[in-house]
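So the structure is just underneath, and the comments pick up after that.
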Amino acid sequence: MSASSNFPLISIVMPCFNAKRHLRQSIGSVLDQTYPHWELIVIDDGSTDDSLGLLHSLNDERITVIEQTNQGVCKTRNRGIKAAKGEWIAFLDADDTWHPDCLSLLYRALCDDPSASLAYCGWQNVGLPGGAGKPFVPPDYETADKLELVFTSCRWPIHACLTRKSAIIEAGLFDESLLTAEDFLLWLKIAYKNRLTRVPEVLALYHFHDGGQASSNKARAAINHWLAQERFLQQNSEVLSILGVEKVKSGMHGELLNRGFECYWQRDLVGARAIFRKVMLQRYGSLKDWVYMLPSLLPLFLHRSLISLFSR
């Protein structure tokens, strides 16, 4: 009997679209895992860069390659989930990597807390301009304020967790109508009905590249995060009475406002204006907040002129 037969199968779902430059590194981090029993399901989402050629050259019976026309990351991941044979599912994008002990430590945490359905860990951005990107370990969400905390933000990327497949199915898989924040909505729905457990170590690496990435547009990411919260409330209306109106507003509109100011102080004025307009539509914020937000209704050149005038 092989050692791997003593461990449940972990299914790793990897969407791939024109990722040939990074595939070997990402799949290499899977091959280097100390966890002994896994399958890797790579779904090529209509790549045109010969990613498929590289994938078909791999000679490993644990790797399954699925081909499809381009359908977007949510539909692609959902197809991978449906094809998964494992009791547990992990996600790894085709340009990110794991520490060799990532799956082992996440699985061990779930064994130590059998009532948990999702284990998450720390992560780090790699390759940011100027060397930015300090290691980050998310907080422990299993507290008395769990619902409020996860509703505001689940602070781990998609490849920094291991989740029970049945919990993903119960949550309805990824919402295919969202362009970003689809993972946040899924974690939020899972966390609402299931216990979480944390591994306070940095085990997932998010690789920043020069090309366009889903997280590169901060305004779009912030607004889609807000839309995911709205979608969650629509599907779980009782949360409003559980948390109370003020905490819901703070978790939604307050979080969006914070992201708007983050863009503003980084002088991403276009992003800040888009976010501020969304916040104003919710009639949220203090008088001081509105002093900063109201110029977003002006033409961009006038807004820039005002900032320049008051910065002197």
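To be explicit about the labels: the chains of the structure tokens are called A, B, and onward in the order shown, and within each one the residues are counted from 1, while ligands get numbers from 1 in the order they are shown.
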
Going by DSSP on the backbone, which residues of range 25-233 of chain A come out as strand (DSSP E or B)? List them as an NGL selection string. :A and (38-45 or 63-68 or 88-91 or 97-98 or 116-126 or 136 or 161-164 or 195-207)

Compile the contact shell of range 258-273 of chain A as a ChimeraX atom specification: residues with an atom at most 9 Å away, counting only C-alpha atoms, same-chain residues fewer than 4 positions apart removed. /A:217-220,222,253-254,277-279,292-293,295-297,300,303-304

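Atom to atom, CA of Tyr107 in chain A and CA of Ser29 in chain A stand 16.7 Å apart.
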
Polymer residues at most 8 Å from Ile158 in chain A, only C-alpha atoms, same-chain spacing of 2 or more positions, as a CSV table (one decimal) with all heavy atoms, in the first residue's frame:
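Final output, saved to around17.csv:
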```csv
chain,number,residue,atom,x,y,z
A,91,PHE,N,-7.0,25.9,-5.2
A,91,PHE,CA,-6.9,26.6,-6.5
A,91,PHE,C,-5.6,27.2,-6.6
A,91,PHE,O,-5.0,27.8,-5.6
A,91,PHE,CB,-8.0,27.7,-6.5
A,91,PHE,CG,-9.4,27.2,-6.4
A,91,PHE,CD1,-10.1,27.2,-5.2
A,91,PHE,CD2,-10.1,26.7,-7.5
A,91,PHE,CE1,-11.4,26.8,-5.1
A,91,PHE,CE2,-11.4,26.3,-7.4
A,91,PHE,CZ,-12.0,26.3,-6.2
A,92,LEU,N,-5.0,27.1,-7.8
A,92,LEU,CA,-3.7,27.8,-8.1
A,92,LEU,C,-3.8,28.3,-9.5
A,92,LEU,O,-4.0,27.6,-10.4
A,92,LEU,CB,-2.6,26.7,-7.9
A,92,LEU,CG,-1.2,27.3,-8.2
A,92,LEU,CD1,-0.8,28.3,-7.1
A,92,LEU,CD2,-0.1,26.2,-8.2
A,156,TRP,N,-7.4,36.7,2.1
A,156,TRP,CA,-6.4,35.8,1.6
A,156,TRP,C,-6.8,35.6,0.1
A,156,TRP,O,-7.9,35.6,-0.3
A,156,TRP,CB,-6.5,34.4,2.3
A,156,TRP,CG,-7.8,33.7,2.2
A,156,TRP,CD1,-8.1,32.8,1.2
A,156,TRP,CD2,-8.9,33.7,3.1
A,156,TRP,NE1,-9.4,32.3,1.5
A,156,TRP,CE2,-9.9,32.8,2.7
A,156,TRP,CE3,-9.1,34.4,4.4
A,156,TRP,CZ2,-11.1,32.6,3.3
A,156,TRP,CZ3,-10.3,34.2,5.0
A,156,TRP,CH2,-11.3,33.3,4.5
A,160,ALA,N,-4.5,30.6,-1.4
A,160,ALA,CA,-4.0,30.5,-0.1
A,160,ALA,C,-4.9,29.8,0.8
A,160,ALA,O,-5.1,30.2,2.0
A,160,ALA,CB,-3.6,31.9,0.5
A,161,CYS,N,-5.6,28.8,0.3
A,161,CYS,CA,-6.6,28.1,1.2
A,161,CYS,C,-6.8,26.7,0.6
A,161,CYS,O,-6.6,26.4,-0.6
A,161,CYS,CB,-7.9,28.8,1.3
A,161,CYS,SG,-8.8,29.1,-0.2
A,183,ASP,N,-14.0,35.2,-5.8
A,183,ASP,CA,-13.5,34.4,-4.8
A,183,ASP,C,-13.9,34.9,-3.4
A,183,ASP,O,-14.2,34.1,-2.5
A,183,ASP,CB,-11.9,34.2,-4.9
A,183,ASP,CG,-11.2,35.6,-4.9
A,183,ASP,OD1,-11.9,36.6,-5.3
A,183,ASP,OD2,-10.0,35.6,-4.7
```

If you take only C-alpha atoms and a cut-off of 10 Å, which residues of range 51-161 of chain A touch range 172-177 of chain A, and what are their nearest atom pairs and distances in Å to one decimal, in chain and number order, as JSON lines?
```
{"residue": "A:Gln71", "atom": "CA", "partner": "A:Glu176", "partner_atom": "CA", "distance": 9.9}
{"residue": "A:Gly72", "atom": "CA", "partner": "A:Glu176", "partner_atom": "CA", "distance": 8.5}
{"residue": "A:Val73", "atom": "CA", "partner": "A:Glu176", "partner_atom": "CA", "distance": 8.5}
{"residue": "A:Cys74", "atom": "CA", "partner": "A:Glu176", "partner_atom": "CA", "distance": 5.2}
{"residue": "A:Lys75", "atom": "CA", "partner": "A:Glu176", "partner_atom": "CA", "distance": 6.2}
{"residue": "A:Thr76", "atom": "CA", "partner": "A:Glu176", "partner_atom": "CA", "distance": 9.5}
{"residue": "A:Arg77", "atom": "CA", "partner": "A:Phe174", "partner_atom": "CA", "distance": 7.6}
{"residue": "A:Asn78", "atom": "CA", "partner": "A:Leu173", "partner_atom": "CA", "distance": 6.3}
{"residue": "A:Arg79", "atom": "CA", "partner": "A:Leu173", "partner_atom": "CA", "distance": 9.8}
{"residue": "A:Ile81", "atom": "CA", "partner": "A:Leu173", "partner_atom": "CA", "distance": 8.1}
{"residue": "A:Lys82", "atom": "CA", "partner": "A:Leu173", "partner_atom": "CA", "distance": 9.4}
```

Requested write-out: N, CA and C atoms of the selected residues, as a PDB file, in the first residue's frame:
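Output saved as out-v7.pdb:
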```
ATOM      1  N   GLN A  71     -13.851  31.142 -21.996  1.00  0.00           N
ATOM      2  CA  GLN A  71     -15.116  31.368 -21.288  1.00  0.00           C
ATOM      3  C   GLN A  71     -14.951  32.203 -20.022  1.00  0.00           C
ATOM      4  N   GLY A  72     -13.735  32.582 -19.687  1.00  0.00           N
ATOM      5  CA  GLY A  72     -13.522  33.381 -18.490  1.00  0.00           C
ATOM      6  C   GLY A  72     -13.175  32.521 -17.290  1.00  0.00           C
ATOM      7  N   VAL A  73     -12.565  33.165 -16.295  1.00  0.00           N
ATOM      8  CA  VAL A  73     -11.977  32.415 -15.184  1.00  0.00           C
ATOM      9  C   VAL A  73     -13.014  31.733 -14.296  1.00  0.00           C
ATOM     10  N   CYS A  74     -14.180  32.353 -14.088  1.00  0.00           N
ATOM     11  CA  CYS A  74     -15.185  31.747 -13.190  1.00  0.00           C
ATOM     12  C   CYS A  74     -15.746  30.454 -13.785  1.00  0.00           C
ATOM     13  N   LYS A  75     -16.149  30.498 -15.027  1.00  0.00           N
ATOM     14  CA  LYS A  75     -16.665  29.290 -15.674  1.00  0.00           C
ATOM     15  C   LYS A  75     -15.586  28.225 -15.749  1.00  0.00           C
ATOM     16  N   THR A  76     -14.342  28.669 -15.953  1.00  0.00           N
ATOM     17  CA  THR A  76     -13.230  27.726 -16.045  1.00  0.00           C
ATOM     18  C   THR A  76     -13.000  27.026 -14.712  1.00  0.00           C
ATOM     19  N   ARG A  77     -12.956  27.790 -13.630  1.00  0.00           N
ATOM     20  CA  ARG A  77     -12.777  27.172 -12.308  1.00  0.00           C
ATOM     21  C   ARG A  77     -13.954  26.261 -11.974  1.00  0.00           C
ATOM     22  N   ASN A  78     -15.158  26.694 -12.301  1.00  0.00           N
ATOM     23  CA  ASN A  78     -16.321  25.857 -12.002  1.00  0.00           C
ATOM     24  C   ASN A  78     -16.263  24.532 -12.753  1.00  0.00           C
ATOM     25  N   ARG A  79     -15.760  24.571 -13.975  1.00  0.00           N
ATOM     26  CA  ARG A  79     -15.614  23.321 -14.726  1.00  0.00           C
ATOM     27  C   ARG A  79     -14.594  22.408 -14.035  1.00  0.00           C
ATOM     28  N   ILE A  81     -13.905  22.367 -10.820  1.00  0.00           N
ATOM     29  CA  ILE A  81     -14.529  21.848  -9.597  1.00  0.00           C
ATOM     30  C   ILE A  81     -15.397  20.633  -9.918  1.00  0.00           C
ATOM     31  N   LYS A  82     -16.167  20.748 -10.975  1.00  0.00           N
ATOM     32  CA  LYS A  82     -17.061  19.643 -11.349  1.00  0.00           C
ATOM     33  C   LYS A  82     -16.281  18.403 -11.777  1.00  0.00           C
TER      34      LYS A  82
END
```

Alpha helix (DSSP H) per DSSP on the backbone: members of range 52-235 of chain A, as a ChimeraX atom specification: /A:52-57,73-83,102-112,146-152,165-170,182-193,218-235

Can you spit out the residues from that selection as an mmCIF file, in the first residue's frame, using C-alpha atoms?
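Result went into part_38.cif, see below:
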```cif
data_model
loop_
_atom_site.group_PDB
_atom_site.id
_atom_site.type_symbol
_atom_site.label_atom_id
_atom_site.label_comp_id
_atom_site.auth_asym_id
_atom_site.auth_seq_id
_atom_site.Cartn_x
_atom_site.Cartn_y
_atom_site.Cartn_z
ATOM 1 C CA LEU A 52 -1.490 23.562 -24.591
ATOM 2 C CA GLY A 53 1.675 22.318 -26.240
ATOM 3 C CA LEU A 54 3.538 22.659 -22.966
ATOM 4 C CA LEU A 55 0.726 21.023 -20.997
ATOM 5 C CA HIS A 56 0.523 18.046 -23.338
ATOM 6 C CA SER A 57 4.276 17.559 -23.040
ATOM 7 C CA VAL A 73 -11.977 32.415 -15.184
ATOM 8 C CA CYS A 74 -15.185 31.747 -13.190
ATOM 9 C CA LYS A 75 -16.665 29.290 -15.674
ATOM 10 C CA THR A 76 -13.230 27.726 -16.045
ATOM 11 C CA ARG A 77 -12.777 27.172 -12.308
ATOM 12 C CA ASN A 78 -16.321 25.857 -12.002
ATOM 13 C CA ARG A 79 -15.614 23.321 -14.726
ATOM 14 C CA GLY A 80 -12.532 22.229 -12.816
ATOM 15 C CA ILE A 81 -14.529 21.848 -9.597
ATOM 16 C CA LYS A 82 -17.061 19.643 -11.349
ATOM 17 C CA ALA A 83 -14.261 17.473 -12.753
ATOM 18 C CA CYS A 102 1.544 24.503 1.558
ATOM 19 C CA LEU A 103 -0.922 21.648 1.049
ATOM 20 C CA SER A 104 0.555 19.564 3.872
ATOM 21 C CA LEU A 105 0.197 22.320 6.458
ATOM 22 C CA LEU A 106 -3.270 23.361 5.301
ATOM 23 C CA TYR A 107 -4.444 19.739 5.432
ATOM 24 C CA ARG A 108 -2.864 19.228 8.866
ATOM 25 C CA ALA A 109 -4.769 22.279 10.161
ATOM 26 C CA LEU A 110 -8.026 20.755 8.925
ATOM 27 C CA CYS A 111 -7.167 17.454 10.623
ATOM 28 C CA ASP A 112 -6.503 19.337 13.864
ATOM 29 C CA LYS A 146 -16.479 36.545 12.657
ATOM 30 C CA LEU A 147 -19.437 37.525 10.477
ATOM 31 C CA GLU A 148 -18.597 41.225 10.617
ATOM 32 C CA LEU A 149 -14.925 40.535 9.835
ATOM 33 C CA VAL A 150 -15.474 38.228 6.868
ATOM 34 C CA PHE A 151 -18.280 40.422 5.515
ATOM 35 C CA THR A 152 -15.869 43.359 5.401
ATOM 36 C CA LYS A 165 -15.474 20.329 -1.969
ATOM 37 C CA SER A 166 -18.930 19.822 -0.455
ATOM 38 C CA ALA A 167 -18.779 23.323 1.073
ATOM 39 C CA ILE A 168 -17.968 24.816 -2.329
ATOM 40 C CA ILE A 169 -20.854 22.939 -3.930
ATOM 41 C CA GLU A 170 -23.242 24.019 -1.165
ATOM 42 C CA GLU A 182 -15.787 36.110 -7.189
ATOM 43 C CA ASP A 183 -13.462 34.351 -4.764
ATOM 44 C CA PHE A 184 -14.367 36.795 -1.965
ATOM 45 C CA LEU A 185 -18.062 36.032 -2.457
ATOM 46 C CA LEU A 186 -17.399 32.288 -2.369
ATOM 47 C CA TRP A 187 -15.303 32.503 0.823
ATOM 48 C CA LEU A 188 -17.929 34.741 2.398
ATOM 49 C CA LYS A 189 -20.705 32.248 1.691
ATOM 50 C CA ILE A 190 -18.600 29.350 2.954
ATOM 51 C CA ALA A 191 -17.481 31.207 6.091
ATOM 52 C CA TYR A 192 -21.076 32.131 6.939
ATOM 53 C CA LYS A 193 -22.090 28.482 7.295
ATOM 54 C CA LYS A 218 -8.148 49.013 -7.983
ATOM 55 C CA ALA A 219 -11.401 50.861 -8.628
ATOM 56 C CA ARG A 220 -12.956 47.915 -10.438
ATOM 57 C CA ALA A 221 -11.734 45.538 -7.735
ATOM 58 C CA ALA A 222 -13.166 47.751 -4.978
ATOM 59 C CA ILE A 223 -16.554 48.175 -6.660
ATOM 60 C CA ASN A 224 -16.824 44.458 -7.466
ATOM 61 C CA HIS A 225 -15.969 43.715 -3.828
ATOM 62 C CA TRP A 226 -18.943 45.916 -2.890
ATOM 63 C CA LEU A 227 -21.117 44.140 -5.464
ATOM 64 C CA ALA A 228 -20.130 40.770 -3.982
ATOM 65 C CA GLN A 229 -21.272 41.984 -0.555
ATOM 66 C CA GLU A 230 -24.544 43.177 -2.075
ATOM 67 C CA ARG A 231 -25.020 39.791 -3.751
ATOM 68 C CA PHE A 232 -24.358 38.024 -0.438
ATOM 69 C CA LEU A 233 -26.965 40.151 1.351
ATOM 70 C CA GLN A 234 -29.510 39.456 -1.381
ATOM 71 C CA GLN A 235 -28.983 35.724 -0.869
#
```

Using only C-alpha atoms, the shortest atom-to-atom distance to Gln33 in chain A among A:Ala171, A:Leu128, A:Ile10, A:Ala19 belongs to A:Ile10

Quick one: pull the distance between CA of Pro138 in chain A and CA of Gly251 in chain A, Å, one decimal.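 These atoms are spaced 17.1 Å apart.
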
Hey, which of A:Thr48, A:Arg164, A:Leu302, A:Val30 ends up closest to Ser115 in chain A? Count only C-alpha atoms.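 Closest to Ser115 in chain A, using only C-alpha atoms: A:Arg164.
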
For Ala116 in chain A: contacts at 7 Å, only C-alpha atoms, fewer than 5 positions along chain excluded, given as an MDAnalysis selection string: chainID A and resid 110 194:197

Ranking A:Gly86, A:Gly28, A:Gly244, A:Pro200 by minimum distance to Pro100 in chain A and counting only C-alpha atoms, which one comes first?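 Of the candidates, the smallest distance to Pro100 in chain A is held by A:Gly28.
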
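Among the candidates A:Leu281, A:Leu243, A:Leu298, A:Leu118, the residue lying nearest to Asp145 in chain A is A:Leu243 (atoms considered: only C-alpha atoms).
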
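Distance check against Val126 in chain A using only C-alpha atoms: of A:Ala144, A:Leu178, A:Val199, A:Ala204, the minimum falls on A:Ala204.
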
Nearest to Pro15 in chain A among A:Glu61, A:Asp95, A:Asp49, A:Glu39, with distances taken over only C-alpha atoms: which residue is it?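 Counting only C-alpha atoms, the residue closest to Pro15 in chain A is A:Asp95.
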
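Excluding Val42 in chain A itself and any same-chain residue fewer than 2 positions from it, the protein and nucleic acid residues within 7 Å of it, counting only C-alpha atoms, are A:Val13, A:Met14, A:Pro15, A:Cys16, A:Leu40, A:Asp44, A:Thr64, A:Val65, A:Ile66.
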
Emit the selected residues as a PDB file, in the first residue's frame, including N, CA, C and O atoms.
```pdb
ATOM      1  N   VAL A  13      -7.212  22.881  -8.844  1.00  0.00           N
ATOM      2  CA  VAL A  13      -7.839  23.425 -10.057  1.00  0.00           C
ATOM      3  C   VAL A  13      -7.024  24.620 -10.538  1.00  0.00           C
ATOM      4  O   VAL A  13      -6.830  25.596  -9.803  1.00  0.00           O
ATOM      5  N   MET A  14      -6.548  24.542 -11.783  1.00  0.00           N
ATOM      6  CA  MET A  14      -5.705  25.599 -12.346  1.00  0.00           C
ATOM      7  C   MET A  14      -6.266  26.067 -13.684  1.00  0.00           C
ATOM      8  O   MET A  14      -6.159  25.374 -14.695  1.00  0.00           O
ATOM      9  N   PRO A  15      -6.878  27.250 -13.733  1.00  0.00           N
ATOM     10  CA  PRO A  15      -7.266  27.813 -15.027  1.00  0.00           C
ATOM     11  C   PRO A  15      -6.025  28.334 -15.743  1.00  0.00           C
ATOM     12  O   PRO A  15      -5.093  28.839 -15.103  1.00  0.00           O
ATOM     13  N   CYS A  16      -5.999  28.216 -17.049  1.00  0.00           N
ATOM     14  CA  CYS A  16      -4.818  28.639 -17.811  1.00  0.00           C
ATOM     15  C   CYS A  16      -5.262  29.392 -19.055  1.00  0.00           C
ATOM     16  O   CYS A  16      -6.017  28.871 -19.877  1.00  0.00           O
ATOM     17  N   LEU A  40      -3.902  17.329 -10.355  1.00  0.00           N
ATOM     18  CA  LEU A  40      -3.902  18.685 -10.886  1.00  0.00           C
ATOM     19  C   LEU A  40      -4.767  18.708 -12.141  1.00  0.00           C
ATOM     20  O   LEU A  40      -4.495  17.987 -13.103  1.00  0.00           O
ATOM     21  N   ASP A  44      -7.389  24.667 -19.925  1.00  0.00           N
ATOM     22  CA  ASP A  44      -6.903  25.681 -20.848  1.00  0.00           C
ATOM     23  C   ASP A  44      -8.103  26.421 -21.431  1.00  0.00           C
ATOM     24  O   ASP A  44      -8.941  25.843 -22.126  1.00  0.00           O
ATOM     25  N   THR A  64      -4.319  16.271 -15.288  1.00  0.00           N
ATOM     26  CA  THR A  64      -5.366  16.176 -16.306  1.00  0.00           C
ATOM     27  C   THR A  64      -5.487  17.522 -17.011  1.00  0.00           C
ATOM     28  O   THR A  64      -5.560  18.565 -16.353  1.00  0.00           O
ATOM     29  N   VAL A  65      -5.516  17.504 -18.323  1.00  0.00           N
ATOM     30  CA  VAL A  65      -5.643  18.733 -19.108  1.00  0.00           C
ATOM     31  C   VAL A  65      -7.006  18.744 -19.795  1.00  0.00           C
ATOM     32  O   VAL A  65      -7.383  17.789 -20.479  1.00  0.00           O
ATOM     33  N   ILE A  66      -7.757  19.805 -19.592  1.00  0.00           N
ATOM     34  CA  ILE A  66      -9.067  19.991 -20.225  1.00  0.00           C
ATOM     35  C   ILE A  66      -8.965  21.192 -21.155  1.00  0.00           C
ATOM     36  O   ILE A  66      -8.437  22.239 -20.775  1.00  0.00           O
TER      37      ILE A  66
END
```
